[in-house]
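Chemist: Got entry-v4.cif for you, mmCIF, C-alpha atoms and all ligand atoms:
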data_start
#
loop_
_atom_site.label_atom_id
_atom_site.label_comp_id
_atom_site.auth_asym_id
_atom_site.auth_seq_id
_atom_site.Cartn_x
_atom_site.Cartn_y
_atom_site.Cartn_z
CA MET I 1 -17.00 17.31 1.56
CA SER I 2 -13.63 17.37 3.31
CA SER I 3 -13.08 14.50 5.68
CA LYS I 4 -12.39 15.49 9.27
CA ILE I 5 -9.99 13.45 11.32
CA LEU I 6 -9.76 12.89 15.08
CA ILE I 7 -6.53 11.56 16.57
CA VAL I 8 -7.04 10.04 20.01
CA GLY I 9 -3.85 9.84 22.05
CA ALA I 10 -2.22 12.48 19.83
CA ALA I 11 0.43 13.41 22.39
CA GLY I 12 2.07 9.98 22.33
CA GLN I 13 5.12 8.75 20.44
CA ILE I 14 3.30 7.87 17.21
CA GLY I 15 0.25 10.12 17.66
CA SER I 16 2.32 13.32 17.75
CA GLU I 17 4.10 12.64 14.47
CA LEU I 18 0.96 11.28 12.84
CA THR I 19 -0.83 14.54 13.72
CA THR I 20 1.85 16.62 12.01
CA LYS I 21 1.78 14.44 8.91
CA LEU I 22 -2.01 14.32 8.60
CA ARG I 23 -2.23 18.10 9.07
CA SER I 24 0.26 18.58 6.23
CA ILE I 25 -1.85 16.35 3.97
CA TYR I 26 -5.42 17.27 4.91
CA GLY I 27 -5.00 20.79 6.30
CA LYS I 28 -4.62 22.04 9.84
CA ASP I 29 -8.33 22.68 10.40
CA ASN I 30 -9.32 19.17 9.32
CA VAL I 31 -7.18 17.28 11.84
CA ILE I 32 -8.24 17.46 15.49
CA ALA I 33 -5.67 16.30 18.03
CA SER I 34 -6.84 14.99 21.38
CA ASP I 35 -5.36 13.57 24.57
CA ILE I 36 -6.08 13.43 28.30
CA ASN I 37 -3.94 16.46 29.26
CA TYR I 38 -2.29 19.62 27.90
CA ASN I 39 1.28 18.43 28.60
CA ASN I 40 2.46 18.37 24.97
CA THR I 41 2.46 22.15 24.49
CA GLU I 42 3.83 22.02 20.95
CA LEU I 43 0.87 19.87 19.92
CA VAL I 44 -1.66 21.94 21.87
CA ASN I 45 -0.45 25.19 20.28
CA SER I 46 -0.07 23.97 16.71
CA GLY I 47 -3.74 23.39 15.79
CA ILE I 48 -7.11 22.32 17.13
CA PHE I 49 -6.70 20.35 20.36
CA GLU I 50 -9.37 18.80 22.60
CA ILE I 51 -9.22 16.97 25.91
CA VAL I 52 -10.73 13.54 25.22
CA ASP I 53 -10.52 10.43 27.39
CA ALA I 54 -10.40 7.40 25.10
CA LYS I 55 -12.16 5.36 27.81
CA ASP I 56 -15.13 7.73 27.84
CA TYR I 57 -17.62 7.02 25.02
CA VAL I 58 -19.60 10.20 25.63
CA SER I 59 -16.55 12.46 25.51
CA LEU I 60 -15.48 10.83 22.22
CA LYS I 61 -18.98 11.13 20.77
CA VAL I 62 -19.32 14.79 21.75
CA CYS I 63 -16.00 15.58 20.08
CA CYS I 64 -16.97 13.68 16.91
CA GLU I 65 -20.26 15.57 16.68
CA LYS I 66 -18.67 18.94 17.42
CA TYR I 67 -16.24 18.64 14.50
CA ASN I 68 -18.25 16.38 12.22
CA ILE I 69 -15.52 13.72 12.39
CA ASP I 70 -15.33 11.14 9.62
CA THR I 71 -12.20 9.19 10.61
CA ILE I 72 -10.64 8.27 13.97
CA TYR I 73 -7.04 7.21 14.57
CA LEU I 74 -6.98 5.54 18.00
CA MET I 75 -3.38 5.92 19.18
CA ALA I 76 -3.93 5.72 22.96
CA ALA I 77 -2.67 2.50 24.57
CA MET I 78 -0.65 1.13 27.43
CA LEU I 79 2.42 -0.65 26.03
CA SER I 80 3.97 -3.99 26.93
CA ALA I 81 6.30 -3.23 29.84
CA THR I 82 3.93 -0.87 31.69
CA GLY I 83 1.10 -3.28 31.00
CA GLU I 84 2.90 -5.99 32.98
CA LYS I 85 3.04 -3.63 35.96
CA TYR I 86 -0.64 -2.63 35.71
CA PRO I 87 -2.41 -5.57 34.05
CA MET I 88 -6.00 -4.51 34.72
CA LYS I 89 -5.34 -0.88 33.80
CA ALA I 90 -3.78 -1.98 30.52
CA TRP I 91 -6.70 -4.27 29.78
CA ASP I 92 -9.26 -1.55 30.59
CA LEU I 93 -7.60 1.22 28.59
CA ASN I 94 -6.72 -0.86 25.54
CA MET I 95 -10.07 -2.65 25.29
CA GLU I 96 -12.49 0.11 26.34
CA SER I 97 -10.94 2.63 23.96
CA LEU I 98 -11.19 0.17 21.07
CA PHE I 99 -14.82 -0.72 21.82
CA ASN I 100 -15.65 2.98 22.04
CA VAL I 101 -14.39 3.79 18.57
CA LEU I 102 -15.77 0.58 17.04
CA ASN I 103 -19.18 1.39 18.52
CA LEU I 104 -19.01 4.99 17.26
CA ALA I 105 -18.49 3.55 13.78
CA LYS I 106 -21.22 0.95 14.24
CA ALA I 107 -23.62 3.77 15.23
CA LYS I 108 -22.47 5.71 12.12
CA PHE I 109 -21.03 8.68 14.03
CA VAL I 110 -17.80 8.04 12.10
CA ASN I 111 -17.02 6.10 8.92
CA LYS I 112 -13.47 4.90 9.24
CA ILE I 113 -11.08 3.77 11.97
CA PHE I 114 -7.36 3.18 12.29
CA TRP I 115 -6.28 1.07 15.23
CA PRO I 116 -2.70 -0.16 15.68
CA SER I 117 -1.91 -3.71 16.61
CA SER I 118 1.61 -4.94 17.40
CA ILE I 119 4.16 -7.73 17.08
CA ALA I 120 3.13 -8.40 20.70
CA VAL I 121 0.15 -10.42 19.38
CA PHE I 122 2.65 -13.23 18.85
CA GLY I 123 4.04 -15.36 21.66
CA PRO I 124 6.64 -17.99 22.61
CA THR I 125 4.99 -20.71 20.49
CA THR I 126 4.94 -18.58 17.31
CA PRO I 127 7.59 -19.36 14.64
CA LYS I 128 10.22 -16.66 15.21
CA GLU I 129 11.82 -16.22 11.80
CA ASN I 130 9.77 -14.56 9.07
CA THR I 131 6.65 -14.92 11.19
CA PRO I 132 3.76 -15.35 8.75
CA GLN I 133 0.52 -13.37 8.71
CA TYR I 134 -1.46 -16.44 9.80
CA THR I 135 0.27 -18.49 12.48
CA ILE I 136 0.14 -19.62 16.10
CA MET I 137 -0.68 -16.68 18.36
CA GLU I 138 -0.41 -17.26 22.11
CA PRO I 139 0.70 -13.89 23.53
CA ASN I 140 1.91 -13.99 27.13
CA THR I 141 1.70 -10.27 27.96
CA VAL I 142 -1.44 -8.33 28.82
CA TYR I 143 -0.58 -5.84 26.08
CA GLY I 144 -0.28 -8.67 23.55
CA MET I 145 -3.57 -10.17 24.74
CA THR I 146 -5.38 -6.85 24.27
CA LYS I 147 -3.96 -6.52 20.77
CA GLN I 148 -4.80 -10.08 19.79
CA VAL I 149 -8.39 -9.98 21.03
CA GLY I 150 -8.67 -6.43 19.65
CA GLU I 151 -7.81 -7.78 16.20
CA ARG I 152 -10.60 -10.36 16.51
CA TRP I 153 -13.06 -7.60 17.43
CA CYS I 154 -11.96 -5.44 14.49
CA GLN I 155 -12.61 -8.30 12.08
CA TYR I 156 -15.92 -9.04 13.82
CA TYR I 157 -17.15 -5.42 13.52
CA ASN I 158 -16.10 -5.37 9.88
CA GLU I 159 -17.93 -8.60 9.06
CA LYS I 160 -21.06 -8.10 11.16
CA TYR I 161 -21.53 -4.32 11.05
CA ASN I 162 -19.58 -3.34 7.96
CA VAL I 163 -17.24 -1.07 9.97
CA ASP I 164 -14.31 0.16 7.87
CA VAL I 165 -11.53 -0.56 10.36
CA ARG I 166 -7.90 -0.89 9.26
CA SER I 167 -4.92 -2.02 11.27
CA ILE I 168 -1.23 -2.85 11.12
CA ARG I 169 0.96 -4.78 13.54
CA TYR I 170 3.65 -2.20 14.33
CA PRO I 171 7.11 -3.48 15.21
CA GLY I 172 9.29 -1.41 17.59
CA ILE I 173 9.10 2.19 16.33
CA ILE I 174 12.28 4.30 16.36
CA SER I 175 11.83 8.06 16.62
CA TRP I 176 13.64 11.15 17.90
CA LYS I 177 10.81 13.70 18.40
CA THR I 178 8.64 12.22 21.14
CA LEU I 179 9.88 9.62 23.61
CA PRO I 180 8.05 6.29 23.78
CA GLY I 181 6.66 5.17 27.12
CA GLY I 182 6.76 1.74 28.68
CA GLY I 183 7.62 -0.47 25.71
CA THR I 184 10.03 -3.39 25.41
CA THR I 185 11.59 -1.96 22.25
CA ASP I 186 12.27 1.42 23.94
CA TYR I 187 15.95 0.50 24.42
CA ALA I 188 16.48 1.04 20.69
CA ILE I 189 15.67 4.74 21.15
CA ASP I 190 17.19 5.31 24.57
CA ILE I 191 20.52 3.97 23.32
CA TYR I 192 20.94 6.97 20.96
CA HIS I 193 20.08 9.49 23.69
CA LYS I 194 22.62 7.93 26.07
CA ALA I 195 25.26 7.51 23.36
CA LEU I 196 25.20 11.26 22.73
CA ALA I 197 24.80 12.36 26.36
CA GLU I 198 27.08 9.87 28.16
CA GLY I 199 28.93 7.83 25.54
CA LYS I 200 27.65 4.62 27.13
CA TYR I 201 24.47 2.61 27.57
CA ASN I 202 23.34 -0.19 29.83
CA CYS I 203 20.82 -2.25 27.86
CA PHE I 204 17.91 -4.10 29.53
CA LEU I 205 17.98 -6.80 26.82
CA THR I 206 20.82 -9.21 26.00
CA GLU I 207 23.16 -8.38 23.13
CA ASP I 208 21.66 -10.98 20.77
CA THR I 209 17.95 -10.22 21.29
CA GLU I 210 16.77 -9.71 17.74
CA LEU I 211 13.48 -7.83 17.27
CA PRO I 212 11.60 -6.30 14.32
CA MET I 213 11.99 -2.49 14.19
CA MET I 214 10.92 0.39 11.98
CA PHE I 215 11.83 4.06 11.64
CA MET I 216 9.00 6.47 12.47
CA ASP I 217 8.86 7.91 8.94
CA ASP I 218 8.18 4.42 7.58
CA ALA I 219 5.53 3.75 10.26
CA ILE I 220 3.73 7.01 9.42
CA GLU I 221 4.00 6.26 5.71
CA ALA I 222 2.43 2.82 6.27
CA THR I 223 -0.37 4.32 8.36
CA VAL I 224 -1.24 6.99 5.79
CA SER I 225 -0.97 4.44 3.01
CA ILE I 226 -3.30 1.79 4.48
CA MET I 227 -5.83 4.51 5.37
CA SER I 228 -5.87 6.04 1.91
CA ALA I 229 -6.03 2.70 0.06
CA ASN I 230 -9.21 1.69 -1.70
CA SER I 231 -11.43 -0.23 0.73
CA ASP I 232 -11.57 -3.29 -1.57
CA SER I 233 -7.80 -3.66 -1.43
CA ILE I 234 -7.86 -4.02 2.39
CA LYS I 235 -8.49 -7.75 2.45
CA ILE I 236 -7.33 -8.33 6.02
CA ARG I 237 -9.57 -6.71 8.62
CA SER I 238 -7.87 -8.08 11.71
CA SER I 239 -4.39 -6.54 11.28
CA TYR I 240 -1.56 -6.66 8.74
CA ASN I 241 1.95 -7.91 9.46
CA LEU I 242 4.34 -5.03 8.76
CA SER I 243 8.10 -5.23 8.50
CA ALA I 244 11.13 -3.06 7.81
CA VAL I 245 14.32 -4.21 9.60
CA SER I 246 15.33 -6.59 12.37
CA TYR I 247 18.34 -6.17 14.62
CA THR I 248 19.91 -6.85 18.00
CA PRO I 249 21.20 -4.41 20.64
CA LYS I 250 24.75 -5.35 19.61
CA GLN I 251 24.04 -4.43 16.01
CA VAL I 252 22.67 -1.01 17.05
CA ALA I 253 25.72 -0.47 19.25
CA ASP I 254 28.01 -1.35 16.32
CA SER I 255 26.20 1.08 14.05
CA ILE I 256 26.57 3.83 16.69
CA LYS I 257 30.30 3.05 17.04
CA LYS I 258 30.76 3.99 13.39
CA HIS I 259 29.86 7.56 14.46
CA ILE I 260 31.03 7.49 18.10
CA PRO I 261 34.03 5.09 18.22
CA ASP I 262 34.33 5.22 22.03
CA PHE I 263 30.70 4.29 22.65
CA LYS I 264 30.41 1.54 25.30
CA ILE I 265 27.51 -0.84 25.80
CA SER I 266 26.79 -3.18 28.71
CA TYR I 267 23.89 -5.57 29.24
CA THR I 268 21.72 -6.06 32.35
CA PRO I 269 18.59 -7.91 31.21
CA ASP I 270 15.50 -7.32 33.35
CA PHE I 271 11.84 -8.43 33.19
CA ARG I 272 11.57 -7.03 29.66
CA GLN I 273 13.87 -9.81 28.44
CA ASP I 274 11.04 -12.31 29.07
CA ILE I 275 8.69 -10.18 27.00
CA ALA I 276 11.19 -9.89 24.14
CA ASN I 277 11.86 -13.65 24.24
CA GLY I 278 8.23 -14.27 23.30
CA TRP I 279 8.28 -11.99 20.24
CA PRO I 280 9.31 -12.72 16.63
CA LYS I 281 12.79 -11.95 15.33
CA SER I 282 11.52 -11.05 11.87
CA ILE I 283 8.16 -10.65 10.13
CA ASP I 284 6.81 -11.75 6.76
CA ASP I 285 4.65 -8.89 5.51
CA THR I 286 3.91 -10.15 1.99
CA GLU I 287 0.18 -9.38 2.33
CA ALA I 288 0.75 -5.70 3.15
CA ARG I 289 3.20 -5.38 0.27
CA ASN I 290 0.75 -7.04 -2.15
CA ASP I 291 -2.57 -5.58 -0.98
CA TRP I 292 -1.69 -1.89 -0.52
CA ASN I 293 1.86 -1.63 -1.90
CA TRP I 294 3.71 -1.27 1.39
CA ASN I 295 7.45 -0.70 1.07
CA HIS I 296 9.91 0.50 3.70
CA SER I 297 12.77 2.96 3.16
CA PHE I 298 14.95 2.97 6.30
CA ASP I 299 17.52 0.30 7.20
CA LEU I 300 19.60 0.31 10.41
CA LYS I 301 22.37 2.45 8.90
CA LEU I 302 19.91 5.15 7.81
CA ILE I 303 18.08 4.98 11.15
CA THR I 304 21.31 5.50 13.09
CA ASN I 305 22.41 8.38 10.83
CA GLU I 306 19.09 10.13 11.26
CA MET I 307 18.74 9.48 15.01
CA LEU I 308 22.21 10.79 15.84
CA LYS I 309 21.89 13.77 13.50
CA GLN I 310 18.48 14.89 14.80
CA LEU I 311 19.17 14.24 18.49
CA ALA I 312 22.51 16.09 18.28
CA LYS I 313 20.65 19.17 17.01
CA ASN I 314 18.31 19.24 20.03
N1 LIG P 401 6.90 -1.16 20.93
C1 LIG P 401 5.89 -1.93 21.60
C2 LIG P 401 6.37 -2.36 22.93
O1 LIG P 401 7.56 -2.54 23.09
C3 LIG P 401 5.50 -3.12 20.79
O2 LIG P 401 4.35 -2.86 20.08
O3 LIG P 401 5.58 -2.57 23.80
#
Render the structure in this file as structure tokens.
Modeler:
Amino acid sequence: MSSKILIVGAAGQIGSELTTKLRSIYGKDNVIASDINYNNTELVNSGIFEIVDAKDYVSLKVCCEKYNIDTIYLMAAMLSATGEKYPMKAWDLNMESLFNVLNLAKAKFVNKIFWPSSIAVFGPTTPKENTPQYTIMEPNTVYGMTKQVGERWCQYYNEKYNVDVRSIRYPGIISWKTLPGGGTTDYAIDIYHKALAEGKYNCFLTEDTELPMMFMDDAIEATVSIMSANSDSIKIRSSYNLSAVSYTPKQVADSIKKHIPDFKISYTPDFRQDIANGWPKSIDDTEARNDWNWNHSFDLKLITNEMLKQLAKN
């Protein structure tokens, strides 16, 4: 029996590229993309697409039954910066959508779930360098709180109801196809767009704000890899630390200057600086590397090459 996949929030930054990748692996007809509107026309026209509200259990259940879904990737979420503007909306979306898919699995409508957590689960009291898998976690953003408590619920559903839920703590994800929305790490994408369009960028974080980052191809690779691993090898059922590179806005600017020597950067930190100050600088992801053979491919130099090359084409 072929396993059918539902991607919830498929029009987003990660969801859109995950859809393409999963369709190439499992076949177009086995991967159903869903979101709350038809705005992403490329996605809507490239395979099966359904309108599904992640906050609506019935709409999710109907879609799962219609296509005989086996696995859900829940990619809908409100990110850190937008979450600070709309705390209750962020809480409702991030928690209700997670409970909906966990309960679908508990009721055996689906067998397997992917749910992303984030470096935002950590907070100002967490050790910042090589942040370990198990450490102090006192997030001070609503987004981080939803991810931290979400991790607890994932582990709970795994232990109590045997739900096969798998998760990774994504760092900032760098991509050129679909823009991110409302994250604190978004500067690291915007900077390439502005470098090409205007030759300058005004960054909302200070020049030395170091954060963990990852190129989209690595993030998709990690997602596919944890989901195709043998269930016994997934020993952590809250969420895995995941790491590729760490850098500062100044280091990105320097890497861009190697291609665009006249590129200028200025710094005007705003409320997102407070969010970034609470997050780790670098992550220890030994468990992911040991348990399911995670390995990254892209460093900052490769990321910059690829971002400038692909964005220049568009
Ligand atoms: N990229 C996310 C954000 O900045 C972190 O998970 O909110």
Chemist: In Å, how far is it from atom CA of I:Lys112 to atom CA of I:Ser239?
Modeler: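 Separation of atom CA of I:Lys112 and atom CA of I:Ser239: 14.7 Å.
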Chemist: At a cut-off of 8 Å around ligand LIG 401 (chain P), and using all atoms listed in the file, what residues come up? Please write them as a count of residues only.
Modeler: 18
Chemist: Within 8 Å of (-13.0, 1.9, 9.9), in the coordinates the file gives, what residues turn up when you count all atoms listed in the file, written out as a list of chain:residue names?
Modeler: I:Thr71, I:Ile72, I:Leu102, I:Ala105, I:Asn111, I:Lys112, I:Ile113, I:Phe114, I:Asn158, I:Val163, I:Asp164, I:Val165, I:Arg166
Chemist: Using only C-alpha atoms, pick whichever of I:Asn39, I:Gln310, I:Asn68, I:Gln148 has the shortest atom-to-atom distance to I:Ile136.
Modeler: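 Among the listed residues, the smallest separation from I:Ile136 belongs to I:Gln148.
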Chemist: Pull the neighbourhood of (4.2, -10.1, 16.1) for me: all residues within 12 Å in file coordinates, counting all atoms listed in the file, as a PDB file with C-alpha atoms, keeping the file's coordinate frame.
Modeler:
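Generated file (point-v8.pdb):
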ATOM      1  CA  SER I 117      -1.910  -3.710  16.610  1.00  0.00           C
ATOM      2  CA  SER I 118       1.610  -4.940  17.400  1.00  0.00           C
ATOM      3  CA  ILE I 119       4.160  -7.730  17.080  1.00  0.00           C
ATOM      4  CA  ALA I 120       3.130  -8.400  20.700  1.00  0.00           C
ATOM      5  CA  VAL I 121       0.150 -10.420  19.380  1.00  0.00           C
ATOM      6  CA  PHE I 122       2.650 -13.230  18.850  1.00  0.00           C
ATOM      7  CA  GLY I 123       4.040 -15.360  21.660  1.00  0.00           C
ATOM      8  CA  PRO I 124       6.640 -17.990  22.610  1.00  0.00           C
ATOM      9  CA  THR I 125       4.990 -20.710  20.490  1.00  0.00           C
ATOM     10  CA  THR I 126       4.940 -18.580  17.310  1.00  0.00           C
ATOM     11  CA  PRO I 127       7.590 -19.360  14.640  1.00  0.00           C
ATOM     12  CA  LYS I 128      10.220 -16.660  15.210  1.00  0.00           C
ATOM     13  CA  GLU I 129      11.820 -16.220  11.800  1.00  0.00           C
ATOM     14  CA  ASN I 130       9.770 -14.560   9.070  1.00  0.00           C
ATOM     15  CA  THR I 131       6.650 -14.920  11.190  1.00  0.00           C
ATOM     16  CA  PRO I 132       3.760 -15.350   8.750  1.00  0.00           C
ATOM     17  CA  GLN I 133       0.520 -13.370   8.710  1.00  0.00           C
ATOM     18  CA  TYR I 134      -1.460 -16.440   9.800  1.00  0.00           C
ATOM     19  CA  THR I 135       0.270 -18.490  12.480  1.00  0.00           C
ATOM     20  CA  ILE I 136       0.140 -19.620  16.100  1.00  0.00           C
ATOM     21  CA  MET I 137      -0.680 -16.680  18.360  1.00  0.00           C
ATOM     22  CA  GLU I 138      -0.410 -17.260  22.110  1.00  0.00           C
ATOM     23  CA  PRO I 139       0.700 -13.890  23.530  1.00  0.00           C
ATOM     24  CA  ASN I 140       1.910 -13.990  27.130  1.00  0.00           C
ATOM     25  CA  TYR I 143      -0.580  -5.840  26.080  1.00  0.00           C
ATOM     26  CA  GLY I 144      -0.280  -8.670  23.550  1.00  0.00           C
ATOM     27  CA  MET I 145      -3.570 -10.170  24.740  1.00  0.00           C
ATOM     28  CA  LYS I 147      -3.960  -6.520  20.770  1.00  0.00           C
ATOM     29  CA  GLN I 148      -4.800 -10.080  19.790  1.00  0.00           C
ATOM     30  CA  ILE I 168      -1.230  -2.850  11.120  1.00  0.00           C
ATOM     31  CA  ARG I 169       0.960  -4.780  13.540  1.00  0.00           C
ATOM     32  CA  TYR I 170       3.650  -2.200  14.330  1.00  0.00           C
ATOM     33  CA  PRO I 171       7.110  -3.480  15.210  1.00  0.00           C
ATOM     34  CA  GLY I 172       9.290  -1.410  17.590  1.00  0.00           C
ATOM     35  CA  LEU I 211      13.480  -7.830  17.270  1.00  0.00           C
ATOM     36  CA  PRO I 212      11.600  -6.300  14.320  1.00  0.00           C
ATOM     37  CA  MET I 213      11.990  -2.490  14.190  1.00  0.00           C
ATOM     38  CA  SER I 239      -4.390  -6.540  11.280  1.00  0.00           C
ATOM     39  CA  TYR I 240      -1.560  -6.660   8.740  1.00  0.00           C
ATOM     40  CA  ASN I 241       1.950  -7.910   9.460  1.00  0.00           C
ATOM     41  CA  LEU I 242       4.340  -5.030   8.760  1.00  0.00           C
ATOM     42  CA  SER I 243       8.100  -5.230   8.500  1.00  0.00           C
ATOM     43  CA  ILE I 275       8.690 -10.180  27.000  1.00  0.00           C
ATOM     44  CA  ALA I 276      11.190  -9.890  24.140  1.00  0.00           C
ATOM     45  CA  ASN I 277      11.860 -13.650  24.240  1.00  0.00           C
ATOM     46  CA  GLY I 278       8.230 -14.270  23.300  1.00  0.00           C
ATOM     47  CA  TRP I 279       8.280 -11.990  20.240  1.00  0.00           C
ATOM     48  CA  PRO I 280       9.310 -12.720  16.630  1.00  0.00           C
ATOM     49  CA  LYS I 281      12.790 -11.950  15.330  1.00  0.00           C
ATOM     50  CA  SER I 282      11.520 -11.050  11.870  1.00  0.00           C
ATOM     51  CA  ILE I 283       8.160 -10.650  10.130  1.00  0.00           C
ATOM     52  CA  ASP I 284       6.810 -11.750   6.760  1.00  0.00           C
ATOM     53  CA  ASP I 285       4.650  -8.890   5.510  1.00  0.00           C
TER      54      ASP I 285
END
Chemist: Would you mind reading off the distance between atom CA of I:Ile69 and atom CA of I:Gln13, one decimal, in Å?
Modeler: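 Calculated distance between atom CA of I:Ile69 and atom CA of I:Gln13 is 22.7 Å.
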Chemist: Tell me, in Å to one decimal, how far atom CA of I:Tyr73 is from atom CA of I:Leu60.
Modeler: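 Atom-to-atom, atom CA of I:Tyr73 to atom CA of I:Leu60, that is 12.0 Å.
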Chemist: Within 12 Å of I:Ser3, counting all atoms listed in the file, which residues show up once you throw out same-chain ones fewer than 6 positions away? Write them as a ChimeraX atom specification, please.
Modeler: /I:22-23,25-27,29-32,64,67-72,110-112,228
Chemist: Hey, what's within 8 Å of stretch 194-207 of chain I if we count all atoms listed in the file and toss same-chain stuff fewer than 3 positions away? As a ChimeraX atom specification, please?
Modeler: /I:187,190-191,248-250,256,260,262-270,272-273,276,308,311-312
Chemist: Between I:Ala107, I:Lys28, I:Lys4, I:Ala54, single out the one closest to I:Lys66, counting all atoms listed in the file.
Modeler: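 Distance minimum relative to I:Lys66 lands on I:Lys4.
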Chemist: Got a sec to write stretch 303-314 of chain I of the block to a file, N, CA and C atoms, as an mmCIF file, in the first residue's frame?
Modeler:
data_model
loop_
_atom_site.group_PDB
_atom_site.id
_atom_site.type_symbol
_atom_site.label_atom_id
_atom_site.label_comp_id
_atom_site.auth_asym_id
_atom_site.auth_seq_id
_atom_site.Cartn_x
_atom_site.Cartn_y
_atom_site.Cartn_z
ATOM 1 N N ILE I 303 25.831 28.935 0.950
ATOM 2 C CA ILE I 303 24.499 29.545 1.041
ATOM 3 C C ILE I 303 24.481 30.852 0.242
ATOM 4 N N THR I 304 25.493 31.683 0.454
ATOM 5 C CA THR I 304 25.546 32.970 -0.248
ATOM 6 C C THR I 304 25.657 32.771 -1.754
ATOM 7 N N ASN I 305 26.507 31.855 -2.192
ATOM 8 C CA ASN I 305 26.627 31.561 -3.630
ATOM 9 C C ASN I 305 25.269 31.225 -4.220
ATOM 10 N N GLU I 306 24.579 30.299 -3.551
ATOM 11 C CA GLU I 306 23.318 29.791 -4.066
ATOM 12 C C GLU I 306 22.229 30.866 -4.018
ATOM 13 N N MET I 307 22.156 31.608 -2.914
ATOM 14 C CA MET I 307 21.123 32.644 -2.788
ATOM 15 C C MET I 307 21.289 33.698 -3.882
ATOM 16 N N LEU I 308 22.506 34.189 -4.064
ATOM 17 C CA LEU I 308 22.709 35.252 -5.057
ATOM 18 C C LEU I 308 22.480 34.732 -6.479
ATOM 19 N N LYS I 309 22.930 33.508 -6.741
ATOM 20 C CA LYS I 309 22.757 32.927 -8.062
ATOM 21 C C LYS I 309 21.269 32.753 -8.389
ATOM 22 N N GLN I 310 20.519 32.152 -7.482
ATOM 23 C CA GLN I 310 19.107 31.855 -7.759
ATOM 24 C C GLN I 310 18.251 33.128 -7.788
ATOM 25 N N LEU I 311 18.520 34.054 -6.858
ATOM 26 C CA LEU I 311 17.706 35.275 -6.836
ATOM 27 C C LEU I 311 17.998 36.151 -8.051
ATOM 28 N N ALA I 312 19.246 36.131 -8.530
ATOM 29 C CA ALA I 312 19.603 36.927 -9.705
ATOM 30 C C ALA I 312 18.856 36.423 -10.944
ATOM 31 N N LYS I 313 18.597 35.126 -10.992
ATOM 32 C CA LYS I 313 17.871 34.537 -12.132
ATOM 33 C C LYS I 313 16.424 35.009 -12.174
ATOM 34 N N ASN I 314 15.836 35.250 -10.996
ATOM 35 C CA ASN I 314 14.389 35.557 -10.950
ATOM 36 C C ASN I 314 14.091 37.016 -11.294
#
